[in-house]
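Reproduced below: coords_1.cif, with mmCIF, C-alpha atoms.
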```cif
data_coords
#
loop_
_atom_site.label_atom_id
_atom_site.label_comp_id
_atom_site.auth_asym_id
_atom_site.auth_seq_id
_atom_site.Cartn_x
_atom_site.Cartn_y
_atom_site.Cartn_z
CA MET A 1 72.86 46.31 112.40
CA LYS A 2 73.66 45.68 108.75
CA ASN A 3 71.34 48.43 107.54
CA LYS A 4 72.80 50.88 110.02
CA ALA A 5 76.36 50.16 108.88
CA ARG A 6 75.31 50.35 105.21
CA ALA A 7 73.63 53.74 105.78
CA GLN A 8 76.69 55.04 107.61
CA THR A 9 78.94 53.93 104.73
CA LYS A 10 76.67 55.70 102.23
CA ARG A 11 76.81 58.92 104.29
CA ARG A 12 80.61 58.76 104.40
CA GLN A 13 80.81 58.20 100.66
CA ALA A 14 78.45 61.10 99.99
CA ALA A 15 80.44 63.38 102.29
CA ALA A 16 83.70 62.36 100.60
CA GLN A 17 82.18 63.05 97.17
CA LYS A 18 80.92 66.45 98.30
CA THR A 19 84.36 67.35 99.71
CA LYS A 20 85.98 66.28 96.44
CA GLN A 21 83.54 68.42 94.41
CA ARG A 22 84.12 71.44 96.68
CA ALA A 23 87.90 71.07 96.33
CA GLU A 24 87.56 70.92 92.55
CA LYS A 25 85.41 74.08 92.53
CA ILE A 26 87.96 75.89 94.70
CA ARG A 27 90.77 74.78 92.40
CA GLN A 28 88.85 76.11 89.39
CA GLY A 29 87.95 79.35 91.18
CA LYS A 30 84.20 78.67 91.01
CA HIS A 31 83.58 78.13 94.72
CA GLN A 32 80.86 80.25 96.30
CA PRO A 33 80.89 80.55 100.08
CA THR A 34 78.02 79.25 102.14
CA LYS A 35 75.06 81.38 103.16
CA GLY A 36 75.75 84.42 105.29
CA LYS A 37 79.30 84.97 104.05
CA ARG A 38 80.16 87.64 101.53
CA ALA A 39 82.20 86.42 98.60
CA LEU A 40 85.15 88.46 97.46
CA PRO A 41 85.58 88.53 93.70
CA PRO A 42 88.58 86.52 92.54
CA VAL A 43 91.69 88.62 91.96
CA THR A 44 93.03 87.62 88.57
CA THR A 45 95.88 88.92 86.43
CA GLU A 46 93.32 91.06 84.59
CA THR A 47 92.28 92.68 87.88
CA PHE A 48 95.78 93.01 89.33
CA THR A 49 98.61 92.51 86.84
CA ASP A 50 101.76 90.55 87.63
CA ALA A 51 103.83 93.72 87.36
CA ALA A 52 101.56 95.54 89.84
CA PHE A 53 101.56 92.54 92.18
CA LYS A 54 105.38 92.33 92.18
CA PHE A 55 105.72 96.10 92.61
CA TRP A 56 103.38 96.13 95.61
CA LEU A 57 105.18 93.22 97.25
CA ALA A 58 108.47 95.16 97.07
CA HIS A 59 106.77 98.50 97.83
CA GLY A 60 105.13 97.09 100.95
CA ALA A 61 108.39 95.53 102.13
CA ASN A 62 110.10 98.92 101.71
CA TYR A 63 107.43 100.58 103.85
CA ILE A 64 107.50 97.84 106.50
CA LEU A 65 111.30 97.96 106.81
CA SER A 66 111.27 101.74 107.14
CA SER A 67 110.35 103.35 110.45
CA TYR A 68 107.13 105.33 110.23
CA THR A 69 107.38 106.56 113.85
CA ASP A 70 110.93 107.86 113.35
CA GLY A 71 110.30 109.01 109.78
CA THR A 72 113.34 107.06 108.56
CA TRP A 73 112.95 105.83 104.98
CA THR A 74 115.26 102.85 104.41
CA PRO A 75 113.98 100.88 101.41
CA LEU A 76 115.47 97.48 100.71
CA PHE A 77 114.29 97.56 97.09
CA PRO A 78 114.83 101.15 95.83
CA THR A 79 115.18 100.02 92.19
CA ILE A 80 111.43 99.39 91.89
CA TYR A 81 110.91 103.17 91.79
CA GLU A 82 113.12 103.27 88.70
CA GLY A 83 111.09 100.58 86.92
CA ALA A 84 112.72 97.33 88.08
CA CYS A 85 110.38 94.35 88.36
CA LEU A 86 111.55 91.94 91.04
CA GLU A 87 110.30 88.38 91.45
CA PRO A 88 108.53 87.45 94.73
CA ASP A 89 111.01 84.68 95.57
CA PHE A 90 113.89 87.14 95.04
CA LEU A 91 112.21 89.55 97.47
CA ALA A 92 111.91 86.90 100.17
CA ARG A 93 115.50 85.70 99.63
CA THR A 94 116.78 89.29 99.80
CA VAL A 95 115.01 89.94 103.10
CA MET A 96 116.36 86.67 104.48
CA SER A 97 119.92 87.40 103.33
CA LYS A 98 119.86 90.94 104.72
CA PHE A 99 118.98 89.59 108.15
CA ASN A 100 121.00 86.38 107.76
CA ALA A 101 121.43 85.78 111.47
CA ASP A 102 119.29 83.33 113.38
CA PRO A 103 115.62 84.15 112.59
CA ALA A 104 114.91 84.26 116.32
CA ALA A 105 117.33 87.21 116.57
CA TRP A 106 115.77 89.13 113.67
CA PRO A 107 114.26 92.54 114.35
CA PRO A 108 110.47 92.43 114.30
CA GLU A 109 110.20 94.51 111.12
CA ALA A 110 112.30 91.93 109.25
CA LYS A 111 109.86 89.19 110.22
CA ALA A 112 106.93 91.37 109.16
CA ALA A 113 108.61 92.20 105.83
CA LEU A 114 109.29 88.54 105.13
CA ALA A 115 105.66 87.72 105.93
CA TRP A 116 104.57 90.45 103.50
CA THR A 117 106.76 89.15 100.64
CA VAL A 118 104.97 85.79 100.66
CA GLN A 119 101.41 87.16 100.61
CA ASP A 120 99.00 86.00 97.94
CA ARG A 121 97.71 88.20 95.12
CA ALA A 122 94.33 88.89 96.76
CA SER A 123 95.87 90.15 100.02
CA VAL A 124 98.28 92.46 98.23
CA TYR A 125 95.47 93.75 96.03
CA ILE A 126 93.35 94.58 99.07
CA TYR A 127 96.16 96.72 100.52
CA GLN A 128 96.76 98.41 97.18
CA ARG A 129 93.06 99.29 96.95
CA GLU A 130 93.03 100.50 100.57
CA ALA A 131 96.05 102.74 99.94
CA THR A 132 94.30 104.22 96.91
CA ARG A 133 91.07 104.70 98.88
CA ARG A 134 92.86 106.49 101.72
CA LEU A 135 94.65 108.81 99.31
CA ARG A 136 91.38 109.56 97.51
CA SER A 137 89.56 110.33 100.77
CA ASN A 138 92.42 112.55 101.93
CA ASP A 139 92.43 114.63 98.73
CA PRO A 140 89.83 113.78 96.06
CA ALA A 141 91.51 116.07 93.51
CA CYS A 142 94.93 114.37 93.66
CA ASN A 143 96.18 111.70 91.29
CA HIS A 144 95.88 108.94 93.88
CA ASP A 145 96.90 106.14 91.48
CA GLU A 146 100.25 107.83 90.92
CA LEU A 147 100.75 109.01 94.50
CA CYS A 148 100.42 105.55 96.01
CA LEU A 149 103.31 104.33 93.84
CA GLN A 150 105.75 106.91 95.16
CA PRO A 151 108.22 106.16 97.94
CA HIS A 152 107.61 107.37 101.49
CA ASN A 153 104.09 108.70 100.99
CA PRO A 154 102.87 109.38 104.56
CA ILE A 155 99.35 108.01 104.01
CA VAL A 156 100.54 104.77 102.41
CA TRP A 157 103.29 104.53 105.00
CA GLN A 158 100.73 104.78 107.79
CA LEU A 159 98.74 101.93 106.23
CA PHE A 160 101.80 99.69 106.08
CA ASP A 161 102.79 100.67 109.60
CA PHE A 162 99.34 99.46 110.69
CA LEU A 163 99.97 96.18 108.83
CA ARG A 164 103.41 95.89 110.39
CA GLN A 165 101.95 96.33 113.87
CA LYS A 166 99.30 93.68 113.16
CA LEU A 167 101.91 91.22 111.88
CA LEU A 168 104.11 91.85 114.90
CA GLN A 169 101.24 91.21 117.32
CA ARG A 170 100.78 87.68 115.98
CA LYS A 171 102.45 84.96 118.00
CA VAL A 172 103.67 83.03 114.93
CA ILE A 173 106.19 85.73 113.98
#
```

How does the structure come out when it is put into structure tokens?
Amino acid sequence: MKNKARAQTKRRQAAAQKTKQRAEKIRQGKHQPTKGKRALPPVTTETFTDAAFKFWLAHGANYILSSYTDGTWTPLFPTIYEGACLEPDFLARTVMSKFNADPAAWPPEAKAALAWTVQDRASVYIYQREATRRLRSNDPACNHDELCLQPHNPIVWQLFDFLRQKLLQRKVI
């Protein structure tokens, strides 16, 4: 009985040590997923600058709050198209103050926009890259990097309408 308990204690200690090492690797950004899973490269400030990240948070919120099906462009943050750089916490507070009623009474697009404004850098980068890819596949000769930064671009708007629909289908919103 003693040996069995001692072996079980050793296994627990080894598992705890392994968990601690994995957490440290994740914190340092050196974690590699287990076999069979594809690792995404880390999205750093060199890959996706702070200015681009902040712009795309506000840009996405503008698209989500505007109605793609009706074609009504109603941006909450129009100053970003004139060069303003808004902080992520300001974006979330602005969405919350615009729809300051009880969150249960919010329109669905407000909930989706708020969810977008708190996304991490990697998620926002993925949507930025997808918008660029869709513009490039639509017209290879166009300046897709510049086009995806413009307000109410139909291809980018369609992408964010897809995201909006996905966010609205989730039960947590």

Neighbouring residues of segment 65-68 of chain A were defined as those with any atom within 9 Å, considering all atoms listed in the file; residues of the same chain fewer than 2 positions away were excluded. Please report them as a PyMOL selection string. chain A and resi 60-63+70-76+109-110+112-113+152+154+157-158+160-161+164

Identify the residues around (112.0, 91.1, 82.3) within a radius of 12 Å, measuring from only C-alpha atoms in the coordinates stated by the file, and give them as number ranges by chain. A: 50-51, 54, 83-87

For those residues, write C-alpha atoms to a file as an mmCIF file, in the coordinates of the input.
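New file again_15.cif:
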```
data_model
loop_
_atom_site.group_PDB
_atom_site.id
_atom_site.type_symbol
_atom_site.label_atom_id
_atom_site.label_comp_id
_atom_site.auth_asym_id
_atom_site.auth_seq_id
_atom_site.Cartn_x
_atom_site.Cartn_y
_atom_site.Cartn_z
ATOM 1 C CA ASP A 50 101.760 90.550 87.630
ATOM 2 C CA ALA A 51 103.830 93.720 87.360
ATOM 3 C CA LYS A 54 105.380 92.330 92.180
ATOM 4 C CA GLY A 83 111.090 100.580 86.920
ATOM 5 C CA ALA A 84 112.720 97.330 88.080
ATOM 6 C CA CYS A 85 110.380 94.350 88.360
ATOM 7 C CA LEU A 86 111.550 91.940 91.040
ATOM 8 C CA GLU A 87 110.300 88.380 91.450
#
```

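All residues that come within 10 Å of the coordinates (107.5, 89.5, 100.2), counting all atoms listed in the file, are given as Lys54, Trp56, Leu57, Ala58, His59, Gly60, Ala61, Asn62, Glu87, Pro88, Asp89, Phe90, Leu91, Ala92, Arg93, Thr94, Val95, Ala112, Ala113, Leu114, Ala115, Trp116, Thr117, Val118, Gln119, Asp120 and Val124 of chain A.
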
Could you state the separation of atom CA of Val43 of chain A and atom CA of Ser123 of chain A in Å, given to one decimal place? 9.2 Å

Between A:Ala131, A:Thr47, A:Ile126, A:Arg11, which has the minimum distance to Gln150 of chain A (counting only C-alpha atoms)?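 Using only C-alpha atoms, Gln150 of chain A sits closest to A:Ala131.
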
Atom CA of Leu163 of chain A sits from atom CA of Glu146 of chain A at a separation of 21.4 Å

d(atom CA of Cys148 of chain A, atom CA of Thr69 of chain A) in Å: 19.2 Å

Find the residues near Thr44 of chain A: any atom within 9 Å, counting all atoms listed in the file, skip ones fewer than 5 places away on the same chain, and give them as an MDAnalysis selection string. chainID A and resid 49 121:122
